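**Student:** Dropping in entry-v8.txt, with compact mmCIF, C-alpha atoms.
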# COMPACT_ATOMS: atom_id res chain seq x y z
CA MET A 21 -114.72 263.05 42.88
CA ALA A 22 -112.90 263.78 39.60
CA ASP A 23 -110.51 266.06 41.48
CA ALA A 24 -109.80 263.30 44.02
CA ARG A 25 -109.06 260.82 41.21
CA THR A 26 -106.68 263.30 39.60
CA ARG A 27 -104.87 263.70 42.92
CA GLU A 28 -104.50 259.93 43.24
CA MET A 29 -102.71 259.80 39.87
CA LYS A 30 -100.01 262.18 41.10
CA ARG A 31 -97.19 261.47 43.54
CA ILE A 32 -96.99 262.16 47.23
CA LEU A 33 -93.64 263.69 48.21
CA VAL A 34 -92.20 263.17 51.69
CA VAL A 35 -89.31 265.44 52.74
CA GLY A 36 -87.12 264.66 55.74
CA LEU A 37 -84.82 262.06 57.25
CA ALA A 38 -83.70 258.61 56.21
CA CYS A 39 -81.34 256.87 58.59
CA LEU A 40 -80.02 253.45 59.51
CA ASP A 41 -81.66 251.74 62.48
CA ILE A 42 -79.58 249.09 64.25
CA ILE A 43 -82.24 247.28 66.24
CA ASN A 44 -81.53 245.06 69.24
CA THR A 45 -84.46 243.13 70.72
CA VAL A 46 -84.06 242.28 74.41
CA ASP A 47 -86.19 240.41 76.95
CA ARG A 48 -86.11 243.37 79.34
CA TYR A 49 -84.67 246.87 79.46
CA PRO A 50 -81.08 246.60 80.80
CA ARG A 51 -79.83 248.23 83.96
CA GLU A 52 -77.00 250.76 83.78
CA ASP A 53 -73.51 249.26 83.49
CA GLU A 54 -74.95 245.82 82.72
CA ASP A 55 -73.85 243.35 80.04
CA THR A 56 -77.02 242.10 78.33
CA ARG A 57 -77.45 239.57 75.53
CA ALA A 58 -79.82 240.53 72.70
CA LEU A 59 -82.48 238.12 71.50
CA SER A 60 -81.88 239.36 67.95
CA GLN A 61 -80.24 242.15 66.00
CA ARG A 62 -81.09 243.56 62.59
CA TRP A 63 -80.45 246.51 60.31
CA GLN A 64 -83.49 248.42 59.11
CA LYS A 65 -84.11 251.59 57.17
CA GLY A 66 -85.39 254.27 59.55
CA GLY A 67 -86.22 257.94 59.87
CA ASN A 68 -89.69 259.48 60.12
CA ALA A 69 -89.91 260.56 56.49
CA ALA A 70 -88.49 257.30 55.13
CA ASN A 71 -90.87 255.19 57.23
CA THR A 72 -93.88 257.23 56.11
CA ALA A 73 -92.82 256.90 52.47
CA VAL A 74 -92.43 253.13 52.76
CA VAL A 75 -95.90 252.68 54.29
CA LEU A 76 -97.46 254.84 51.57
CA THR A 77 -95.72 252.87 48.84
CA GLN A 78 -95.52 249.32 50.14
CA THR A 79 -98.68 249.04 52.24
CA LEU A 80 -101.02 251.57 50.63
CA ASP A 81 -99.88 251.13 47.01
CA THR A 82 -99.40 254.85 46.47
CA SER A 83 -96.86 256.51 44.19
CA CYS A 84 -94.53 258.16 46.68
CA GLU A 85 -91.21 259.96 46.41
CA LEU A 86 -88.79 260.60 49.26
CA LEU A 87 -86.46 263.60 49.31
CA CYS A 88 -83.71 263.01 51.86
CA SER A 89 -79.95 263.29 52.15
CA LEU A 90 -77.94 260.15 51.37
CA ASN A 91 -74.22 259.41 51.31
CA THR A 92 -71.81 257.13 49.45
CA GLY A 93 -70.96 254.99 52.48
CA ILE A 94 -72.11 251.48 53.34
CA GLU A 95 -74.99 252.71 55.51
CA GLY A 96 -76.30 255.13 52.89
CA GLN A 97 -76.11 252.50 50.16
CA TYR A 98 -77.98 250.01 52.34
CA VAL A 99 -80.79 252.51 52.97
CA LYS A 100 -80.89 253.53 49.30
CA GLU A 101 -81.24 249.92 48.13
CA ASP A 102 -83.83 249.16 50.81
CA LEU A 103 -85.99 252.11 49.73
CA GLN A 104 -85.71 251.17 46.05
CA LYS A 105 -86.64 247.56 46.83
CA ARG A 106 -89.86 248.81 48.42
CA GLY A 107 -90.77 250.99 45.47
CA VAL A 108 -90.01 254.41 46.99
CA LEU A 109 -88.85 256.92 44.38
CA ILE A 110 -85.53 258.54 45.37
CA GLU A 111 -84.10 259.86 42.10
CA ASN A 112 -83.87 263.44 43.38
CA CYS A 113 -82.08 262.70 46.66
CA PRO A 114 -78.70 264.47 47.02
CA VAL A 115 -75.83 262.03 47.62
CA ASN A 116 -73.05 263.43 49.80
CA LYS A 117 -69.40 262.39 49.97
CA ASN A 118 -66.90 262.45 52.85
CA CYS A 119 -69.48 262.41 55.64
CA GLY A 120 -71.18 259.92 57.93
CA PHE A 121 -74.78 258.73 57.85
CA PRO A 122 -77.47 259.20 60.50
CA THR A 123 -77.68 256.09 62.65
CA SER A 124 -80.02 255.09 65.47
CA CYS A 125 -79.26 252.36 67.98
CA VAL A 126 -82.63 250.99 69.07
CA LEU A 127 -83.56 248.76 72.01
CA ILE A 128 -86.91 246.98 71.67
CA ASN A 129 -88.31 245.34 74.80
CA SER A 130 -89.91 242.08 73.64
CA VAL A 131 -92.21 242.01 76.68
CA CYS A 132 -94.04 245.30 76.05
CA GLY A 133 -92.83 246.38 72.59
CA SER A 134 -91.38 249.69 73.82
CA ARG A 135 -88.50 251.20 71.88
CA THR A 136 -85.61 253.28 73.22
CA ILE A 137 -83.61 255.22 70.64
CA ILE A 138 -80.12 256.73 70.72
CA HIS A 139 -79.56 258.75 67.55
CA ALA A 140 -76.38 260.16 66.00
CA ARG A 141 -76.61 262.60 63.09
CA ASN A 142 -73.01 261.86 61.99
CA ASN A 143 -72.54 265.18 60.14
CA LEU A 144 -74.70 264.39 57.08
CA PRO A 145 -75.89 267.75 55.67
CA GLU A 146 -79.56 268.65 56.04
CA LEU A 147 -81.60 269.38 52.93
CA GLU A 148 -81.44 272.88 51.46
CA LEU A 149 -83.65 274.85 49.09
CA THR A 150 -81.19 274.13 46.27
CA ASP A 151 -82.01 270.41 46.65
CA PHE A 152 -85.72 271.22 46.46
CA ASP A 153 -85.28 273.46 43.41
CA LYS A 154 -84.52 270.39 41.27
CA LEU A 155 -88.06 269.03 41.68
CA ASP A 156 -90.89 269.31 39.16
CA LEU A 157 -93.61 270.38 41.58
CA SER A 158 -96.38 269.69 39.06
CA LEU A 159 -95.87 265.96 39.71
CA TYR A 160 -97.17 266.11 43.29
CA SER A 161 -100.62 266.27 44.84
CA TRP A 162 -99.34 266.32 48.44
CA ILE A 163 -96.00 267.30 50.00
CA HIS A 164 -95.25 266.32 53.60
CA PHE A 165 -92.40 267.93 55.54
CA GLU A 166 -90.81 266.38 58.60
CA GLY A 167 -89.93 269.21 60.98
CA ARG A 168 -86.17 269.23 61.43
CA ARG A 169 -83.38 271.59 62.45
CA ASN A 170 -83.20 273.15 58.96
CA VAL A 171 -86.25 275.28 59.78
CA ASP A 172 -85.29 278.24 57.57
CA GLU A 173 -84.81 275.97 54.55
CA ILE A 174 -88.13 274.18 55.13
CA ILE A 175 -89.93 277.53 55.28
CA LYS A 176 -88.36 278.48 51.93
CA MET A 177 -89.44 275.15 50.42
CA ILE A 178 -93.03 275.59 51.58
CA LYS A 179 -93.13 279.14 50.20
CA LYS A 180 -91.85 277.83 46.87
CA VAL A 181 -94.67 275.26 46.75
CA ARG A 182 -97.32 277.86 47.58
CA ASP A 183 -95.98 280.35 45.02
CA PHE A 184 -95.86 277.63 42.36
CA GLY A 185 -99.41 276.51 43.13
CA ARG A 186 -100.78 280.03 42.81
CA GLU A 187 -98.89 280.71 39.57
CA GLN A 188 -99.92 277.42 37.96
CA LYS A 189 -103.39 277.27 39.57
CA LEU A 190 -102.57 273.90 41.11
CA GLN A 191 -103.74 272.66 44.50
CA ILE A 192 -100.78 270.99 46.17
CA LYS A 193 -101.60 270.05 49.76
CA ILE A 194 -98.90 270.60 52.38
CA SER A 195 -98.47 268.92 55.76
CA VAL A 196 -95.82 269.44 58.43
CA GLU A 197 -94.84 267.18 61.33
CA PHE A 198 -93.63 268.41 64.72
CA GLU A 199 -92.28 265.52 66.76
CA LYS A 200 -88.95 266.49 68.31
CA LYS A 201 -88.70 268.67 71.43
CA ARG A 202 -87.24 271.74 69.73
CA PRO A 203 -88.18 275.35 70.51
CA GLU A 204 -86.66 276.47 67.20
CA PHE A 205 -89.70 274.97 65.43
CA GLU A 206 -91.83 277.98 66.39
CA PRO A 207 -91.41 279.86 63.04
CA LEU A 208 -92.72 276.77 61.23
CA PHE A 209 -96.09 277.15 62.93
CA LYS A 210 -96.85 280.19 60.81
CA VAL A 211 -96.39 278.47 57.44
CA GLU A 212 -99.38 278.00 55.17
CA ALA A 213 -99.84 274.29 55.82
CA ASP A 214 -103.07 272.39 55.20
CA VAL A 215 -102.34 269.84 57.94
CA ILE A 216 -100.05 270.02 60.96
CA PHE A 217 -99.19 266.85 62.88
CA ILE A 218 -98.24 267.41 66.53
CA GLY A 219 -96.42 264.50 68.18
CA LYS A 220 -97.01 263.60 71.82
CA ASP A 221 -93.42 264.45 72.80
CA PHE A 222 -93.63 267.90 71.25
CA ALA A 223 -97.04 268.49 72.81
CA GLN A 224 -95.80 267.64 76.30
CA PHE A 225 -92.67 269.72 75.72
CA SER A 226 -95.02 272.62 74.91
CA GLY A 227 -96.85 272.17 78.23
CA PHE A 228 -99.92 270.19 77.15
CA THR A 229 -101.14 267.03 78.89
CA THR A 230 -103.80 265.72 76.48
CA PRO A 231 -104.32 265.71 72.71
CA GLU A 232 -107.46 267.83 73.14
CA GLU A 233 -105.47 270.47 75.03
CA THR A 234 -102.82 270.36 72.34
CA VAL A 235 -104.99 271.01 69.29
CA ASN A 236 -106.99 273.70 71.08
CA GLY A 237 -103.97 275.36 72.66
CA LEU A 238 -101.94 275.50 69.45
CA SER A 239 -104.84 276.54 67.22
CA THR A 240 -104.12 280.24 67.81
CA GLN A 241 -100.48 279.81 66.77
CA VAL A 242 -101.02 278.26 63.34
CA HIS A 243 -102.42 279.50 60.04
CA SER A 244 -106.20 279.91 60.12
CA THR A 245 -106.71 277.27 57.41
CA SER A 246 -104.54 274.59 59.05
CA VAL A 247 -105.98 271.35 60.40
CA LEU A 248 -104.26 270.24 63.63
CA ILE A 249 -103.86 266.51 64.28
CA CYS A 250 -102.37 265.08 67.47
CA PRO A 251 -101.76 261.31 67.79
CA TRP A 252 -101.28 260.19 71.39
CA GLY A 253 -100.35 256.51 71.39
CA GLU A 254 -102.72 254.48 73.53
CA ARG A 255 -105.20 257.39 73.68
CA GLY A 256 -105.74 257.43 69.94
CA ALA A 257 -105.76 260.75 68.08
CA VAL A 258 -107.59 264.08 68.08
CA ALA A 259 -108.02 266.56 65.23
CA ARG A 260 -109.21 270.16 65.08
CA GLY A 261 -110.42 271.43 61.73
CA CYS A 262 -110.16 274.99 60.50
CA ASP A 263 -113.90 275.23 61.32
CA LYS A 264 -112.93 274.61 64.99
CA GLU A 265 -114.72 271.24 65.02
CA ILE A 266 -113.02 268.59 67.17
CA CYS A 267 -113.05 264.92 66.19
CA SER A 268 -111.27 261.95 67.69
CA SER A 269 -110.46 258.30 67.19
CA PRO A 270 -109.65 255.64 69.76
CA ALA A 271 -106.47 253.61 69.54
CA TYR A 272 -106.65 250.13 68.01
CA PRO A 273 -104.01 248.14 69.91
CA PRO A 274 -103.06 244.67 68.69
CA GLU A 275 -103.58 241.59 70.85
CA ARG A 276 -99.87 241.66 71.59
CA VAL A 277 -97.58 244.66 71.18
CA VAL A 278 -94.45 243.51 69.32
CA ASP A 279 -92.71 246.59 67.90
CA THR A 280 -93.82 250.23 68.24
CA LEU A 281 -90.90 251.66 66.24
CA GLY A 282 -92.39 253.70 63.39
CA ALA A 283 -96.00 253.59 64.62
CA GLY A 284 -96.31 257.38 64.50
CA ASP A 285 -94.89 257.46 60.98
CA THR A 286 -97.43 254.80 60.00
CA PHE A 287 -100.25 256.91 61.44
CA ILE A 288 -99.16 259.90 59.36
CA ALA A 289 -99.01 257.77 56.21
CA GLY A 290 -102.55 256.52 56.80
CA VAL A 291 -103.93 260.01 57.39
CA ILE A 292 -102.23 261.51 54.33
CA PHE A 293 -103.40 258.59 52.21
CA CYS A 294 -107.03 259.24 53.16
CA LEU A 295 -106.99 263.03 52.99
CA ASN A 296 -105.28 262.92 49.60
CA ARG A 297 -108.31 260.94 48.41
CA GLY A 298 -110.74 263.52 49.74
CA ARG A 299 -111.83 261.62 52.86
CA LEU A 300 -113.17 263.32 55.97
CA ILE A 301 -110.73 264.18 58.76
CA LYS A 302 -112.52 261.86 61.20
CA ASP A 303 -112.25 258.93 58.78
CA ALA A 304 -108.59 259.74 58.11
CA ILE A 305 -107.48 259.74 61.75
CA GLN A 306 -109.47 256.57 62.42
CA PHE A 307 -107.75 254.81 59.54
CA GLY A 308 -104.39 256.15 60.73
CA CYS A 309 -105.00 254.76 64.23
CA GLN A 310 -106.06 251.39 62.82
CA LEU A 311 -102.98 251.17 60.63
CA ALA A 312 -100.66 252.23 63.48
CA GLY A 313 -102.22 249.59 65.73
CA LYS A 314 -101.53 246.91 63.15
CA LYS A 315 -97.94 248.12 62.88
CA CYS A 316 -97.45 247.72 66.64
CA GLY A 317 -98.42 244.06 66.34
CA ILE A 318 -95.67 243.12 63.88
CA GLN A 319 -91.91 243.45 63.58
CA GLY A 320 -90.84 246.05 61.05
CA PHE A 321 -93.07 247.05 58.13
CA ASP A 322 -93.01 244.16 55.67
CA GLY A 323 -96.01 242.39 57.20
CA LEU A 324 -98.17 245.52 57.36
CA LYS A 325 -101.24 244.89 55.21
CA VAL A 326 -104.58 246.59 54.59
CA THR A 327 -107.41 244.06 54.98
CA GLN A 328 -110.76 243.73 53.23
CA SER A 329 -112.44 245.58 56.11
CA ASP A 330 -110.45 248.67 55.12
CA SER A 331 -111.67 248.59 51.51
CA ASP A 332 -114.20 251.38 52.06
CA ILE A 333 -111.33 253.74 52.91
CA ARG A 334 -109.25 252.65 49.94
CA SER A 335 -112.02 252.86 47.35
For this file, write the structure as structure tokens.

**Tutor:**
Amino acid sequence: MADARTREMKRILVVGLACLDIINTVDRYPREDEDTRALSQRWQKGGNAANTAVVLTQTLDTSCELLCSLNTGIEGQYVKEDLQKRGVLIENCPVNKNCGFPTSCVLINSVCGSRTIIHARNNLPELELTDFDKLDLSLYSWIHFEGRRNVDEIIKMIKKVRDFGREQKLQIKISVEFEKKRPEFEPLFKVEADVIFIGKDFAQFSGFTTPEETVNGLSTQVHSTSVLICPWGERGAVARGCDKEICSSPAYPPERVVDTLGAGDTFIAGVIFCLNRGRLIKDAIQFGCQLAGKKCGIQGFDGLKVTQSDSDIRS
């Protein structure tokens, strides 16, 4: 228990994307070549890593730092201020000049809560090892990497963390997320990660049809000590421990689905929060599913709260 308390006193670092989401809510998905009026429009900070960091900080009251690329433009400044307002630490983020900022145009169907995303990278540079070298790794108990196109750089970052941990005799947990449908992610499977999150889209892209198939099928491709976790929307989530034990959690849908944007990022935040405190994998994925379900019942993240019934997880 003392080790778990020590881990709680350190930061969680999330490495990946922050972007601008321009969100249009509509009463139905439009037909092609149709002029449709939006019910509402708003700007919101987005990106898998940024969303996970916000949930850890704002909802779960955890000290969390985000390492992402920013720029000096209006969009980058908006996202920077939004993250700071929510308590996310961003002092080590590289700020780039003379480039655009990643932007997603999002359609949310108010009837079913589905979200359709069109994303533009807008030539903002991906993170490199030199950005990571500036960090004091002794500050972190857990480092989560969003799988992105800079695979070679992410592998170097993970190696740096592992080498540092061995030299300093520190246990820094590492997790990696695979969400996008990208075959170039394959080298990342071999990294020495404690937890690997496999998104539904990536699983189906890899030929799997269920979360159980996914964690079993990919278990031979990852490091022997890696825990595989596969969230699957309305089917909940399944995990496979390094002892080959399978555990699962049902989904916890809200009475009415309002906004599913960022539900997967919320799930990851909930799981990391629990595992960082020494909780069992089964408890962690259940809490993640509960938190993601709550997220689907509200717009954005500001109303996402942990209730008294969750106090046993938080204690």

**Student:** From the list A:Ser246, A:Thr79, A:Thr229, A:Thr240, which residue is nearest Lys314 (chain A) when using only C-alpha atoms?

**Tutor:** A:Thr79

**Student:** What are the closest atom pairs, with distances in Å to one decimal, for all residues of region 172-279 of chain A lying within 12 Å of region 127-140 of chain A? Consider all atoms listed in the file, order rows by chain and residue number, and present the result as a tab-separated table.

**Tutor:**
residue	atom	partner	partner_atom	distance
A:Gly253	CA	A:Ser134	CA	11.5
A:Pro273	CA	A:Gly133	CA	11.6
A:Pro274	CA	A:Gly133	CA	11.1
A:Glu275	CA	A:Cys132	CA	11.5
A:Arg276	CA	A:Cys132	CA	8.2
A:Val277	CA	A:Gly133	CA	5.2
A:Val278	CA	A:Gly133	CA	4.6
A:Asp279	CA	A:Gly133	CA	4.7

**Student:** For Lys264 (chain A), which residue out of A:Cys88, A:Val247, A:Ala58, A:Val34 is the nearest one, using only C-alpha atoms?

**Tutor:**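 Of A:Cys88, A:Val247, A:Ala58, A:Val34, the one nearest Lys264 (chain A) is A:Val247, counting only C-alpha atoms.
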
**Student:** Quick one: everything within 10 Å of Gln188 (chain A), counting all atoms listed in the file, minus sequence neighbours fewer than 5 positions away in the same chain. Send it as a list in words.

**Tutor:**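 Near Gln188 (chain A), the qualifying residues are Ser158, Arg182 and Asp183 of chain A.
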
**Student:** I'd like to know which of A:Leu149, A:Leu90, A:Leu103, A:Cys250 is closest to Gln78 (chain A), using only C-alpha atoms.

**Tutor:** A:Leu103

**Student:** What's the separation between CA of Thr234 (chain A) and CA of Leu33 (chain A), in Å to one decimal place?

**Tutor:** 26.7 Å

**Student:** CA of Gly66 (chain A) and CA of Thr280 (chain A), how far apart in Å?

**Tutor:**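 Distance between the two atoms: 12.8 Å.
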
**Student:** Would you mind telling me which residue in A:Glu232, A:Trp63, A:Ile266, A:Asp322 lies nearest to Lys105 (chain A) when using all atoms listed in the file?

**Tutor:**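 Counting all atoms listed in the file, the residue closest to Lys105 (chain A) is A:Asp322.
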
**Student:** I'd like the neighbourhood of Asn71 (chain A) as a CSV table (one decimal) with C-alpha atoms, in the frame of the given file, where a residue qualifies if any of its atoms comes within 7 Å (using only C-alpha atoms), though same-chain residues fewer than 4 positions away should be ignored.

**Tutor:**
chain,number,residue,atom,x,y,z
A,66,GLY,CA,-85.4,254.3,59.6
A,67,GLY,CA,-86.2,257.9,59.9
A,75,VAL,CA,-95.9,252.7,54.3
A,282,GLY,CA,-92.4,253.7,63.4
A,285,ASP,CA,-94.9,257.5,61.0

**Student:** Between CA of Tyr49 (chain A) and CA of Ser124 (chain A), measure the distance and give it in Å to one decimal.

**Tutor:**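 Separation of CA of Tyr49 (chain A) and CA of Ser124 (chain A): 16.9 Å.
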
**Student:** Can you tell me, as a compact mmCIF listing (two decimals) with C-alpha atoms, keeping the file's coordinate frame, what residues are no more than 10 Å from Asp172 (chain A) when counting only C-alpha atoms, ignoring any on the same chain fewer than 6 positions away?

**Tutor:**
# COMPACT_ATOMS: atom_id res chain seq x y z
CA GLU A 148 -81.44 272.88 51.46
CA LEU A 149 -83.65 274.85 49.09
CA GLU A 204 -86.66 276.47 67.20
CA PHE A 205 -89.70 274.97 65.43
CA PRO A 207 -91.41 279.86 63.04
CA LEU A 208 -92.72 276.77 61.23

**Student:** Fewer than 5 positions away in the same chain doesn't count, so skip those; otherwise give me all residues within 8 Å of Gln64 (chain A), counting all atoms listed in the file, as a VMD selection string.

**Tutor:** chain A and resid 40 to 43 99 320

**Student:** Using all atoms listed in the file and a cutoff of 10 Å, can you tell me which residues are near (-79.3, 255.7, 48.1) in the file's coordinates, and write them out as a PDB file with C-alpha atoms, in the frame of the given file?

**Tutor:**
ATOM      1  CA  ALA A  38     -83.700 258.610  56.210  1.00  0.00           C
ATOM      2  CA  CYS A  88     -83.710 263.010  51.860  1.00  0.00           C
ATOM      3  CA  SER A  89     -79.950 263.290  52.150  1.00  0.00           C
ATOM      4  CA  LEU A  90     -77.940 260.150  51.370  1.00  0.00           C
ATOM      5  CA  ASN A  91     -74.220 259.410  51.310  1.00  0.00           C
ATOM      6  CA  THR A  92     -71.810 257.130  49.450  1.00  0.00           C
ATOM      7  CA  GLY A  93     -70.960 254.990  52.480  1.00  0.00           C
ATOM      8  CA  ILE A  94     -72.110 251.480  53.340  1.00  0.00           C
ATOM      9  CA  GLU A  95     -74.990 252.710  55.510  1.00  0.00           C
ATOM     10  CA  GLY A  96     -76.300 255.130  52.890  1.00  0.00           C
ATOM     11  CA  GLN A  97     -76.110 252.500  50.160  1.00  0.00           C
ATOM     12  CA  TYR A  98     -77.980 250.010  52.340  1.00  0.00           C
ATOM     13  CA  VAL A  99     -80.790 252.510  52.970  1.00  0.00           C
ATOM     14  CA  LYS A 100     -80.890 253.530  49.300  1.00  0.00           C
ATOM     15  CA  GLU A 101     -81.240 249.920  48.130  1.00  0.00           C
ATOM     16  CA  ASP A 102     -83.830 249.160  50.810  1.00  0.00           C
ATOM     17  CA  LEU A 103     -85.990 252.110  49.730  1.00  0.00           C
ATOM     18  CA  GLN A 104     -85.710 251.170  46.050  1.00  0.00           C
ATOM     19  CA  ILE A 110     -85.530 258.540  45.370  1.00  0.00           C
ATOM     20  CA  GLU A 111     -84.100 259.860  42.100  1.00  0.00           C
ATOM     21  CA  CYS A 113     -82.080 262.700  46.660  1.00  0.00           C
ATOM     22  CA  PRO A 114     -78.700 264.470  47.020  1.00  0.00           C
ATOM     23  CA  VAL A 115     -75.830 262.030  47.620  1.00  0.00           C
TER      24      VAL A 115
END

**Student:** Which residues come within 12 Å of Leu238 (chain A), counting all atoms listed in the file, excluding same-chain residues fewer than 6 positions away, as a count of residues only?

**Tutor:** 23

**Student:** May I ask which of the residues A:Leu190, A:Gly261, A:Lys325, A:Val35 is the closest one to Asp81 (chain A), counting all atoms listed in the file?

**Tutor:**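 Closest to Asp81 (chain A), using all atoms listed in the file: A:Lys325.
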
**Student:** Taking all atoms of region 282-301 of chain A that the file lists, what box with edges along x, y and z, padded by 4 Å per side, do you get, with centre and edge lengths in Å to one decimal, as AutoDock Vina command-line options?

**Tutor:**
--center_x -102.8 --center_y 258.9 --center_z 56.5 --size_x 28.8 --size_y 18.6 --size_z 24.2

**Student:** For Gly120 (chain A), which residue among A:Gly36, A:Gly107, A:Gly185, A:Pro145 is the nearest when counting all atoms listed in the file?

**Tutor:**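 Nearest candidate to Gly120 (chain A) out of A:Gly36, A:Gly107, A:Gly185, A:Pro145: A:Pro145.
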
**Student:** Starting from the structure just given, write a file holding region 43-54 of chain A with N, CA and C atoms, as a compact mmCIF listing (two decimals), in the first residue's frame.

**Tutor:**
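Output contents, as saved in part.txt:
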# COMPACT_ATOMS: atom_id res chain seq x y z
N ILE A 43 -17.25 21.45 -33.25
CA ILE A 43 -18.32 20.47 -33.10
C ILE A 43 -19.66 21.06 -33.52
N ASN A 44 -20.28 20.43 -34.49
CA ASN A 44 -21.62 20.79 -34.93
C ASN A 44 -22.60 19.70 -34.50
N THR A 45 -23.62 20.08 -33.75
CA THR A 45 -24.67 19.14 -33.36
C THR A 45 -25.84 19.28 -34.32
N VAL A 46 -26.29 18.16 -34.87
CA VAL A 46 -27.38 18.17 -35.86
C VAL A 46 -28.49 17.22 -35.41
N ASP A 47 -29.69 17.40 -35.98
CA ASP A 47 -30.80 16.54 -35.57
C ASP A 47 -30.85 15.23 -36.36
N ARG A 48 -30.01 15.11 -37.37
CA ARG A 48 -29.86 13.86 -38.11
C ARG A 48 -28.60 13.99 -38.96
N TYR A 49 -28.04 12.85 -39.35
CA TYR A 49 -26.85 12.89 -40.20
C TYR A 49 -27.26 13.36 -41.59
N PRO A 50 -26.59 14.36 -42.16
CA PRO A 50 -27.01 14.92 -43.46
C PRO A 50 -26.73 13.98 -44.62
N ARG A 51 -27.53 14.14 -45.66
CA ARG A 51 -27.28 13.43 -46.91
C ARG A 51 -26.20 14.17 -47.70
N GLU A 52 -25.57 13.48 -48.63
CA GLU A 52 -24.54 14.10 -49.46
C GLU A 52 -25.12 15.24 -50.28
N ASP A 53 -24.35 16.32 -50.40
CA ASP A 53 -24.73 17.49 -51.20
C ASP A 53 -25.99 18.15 -50.66
N GLU A 54 -26.14 18.14 -49.33
CA GLU A 54 -27.31 18.73 -48.68
C GLU A 54 -26.88 19.89 -47.79
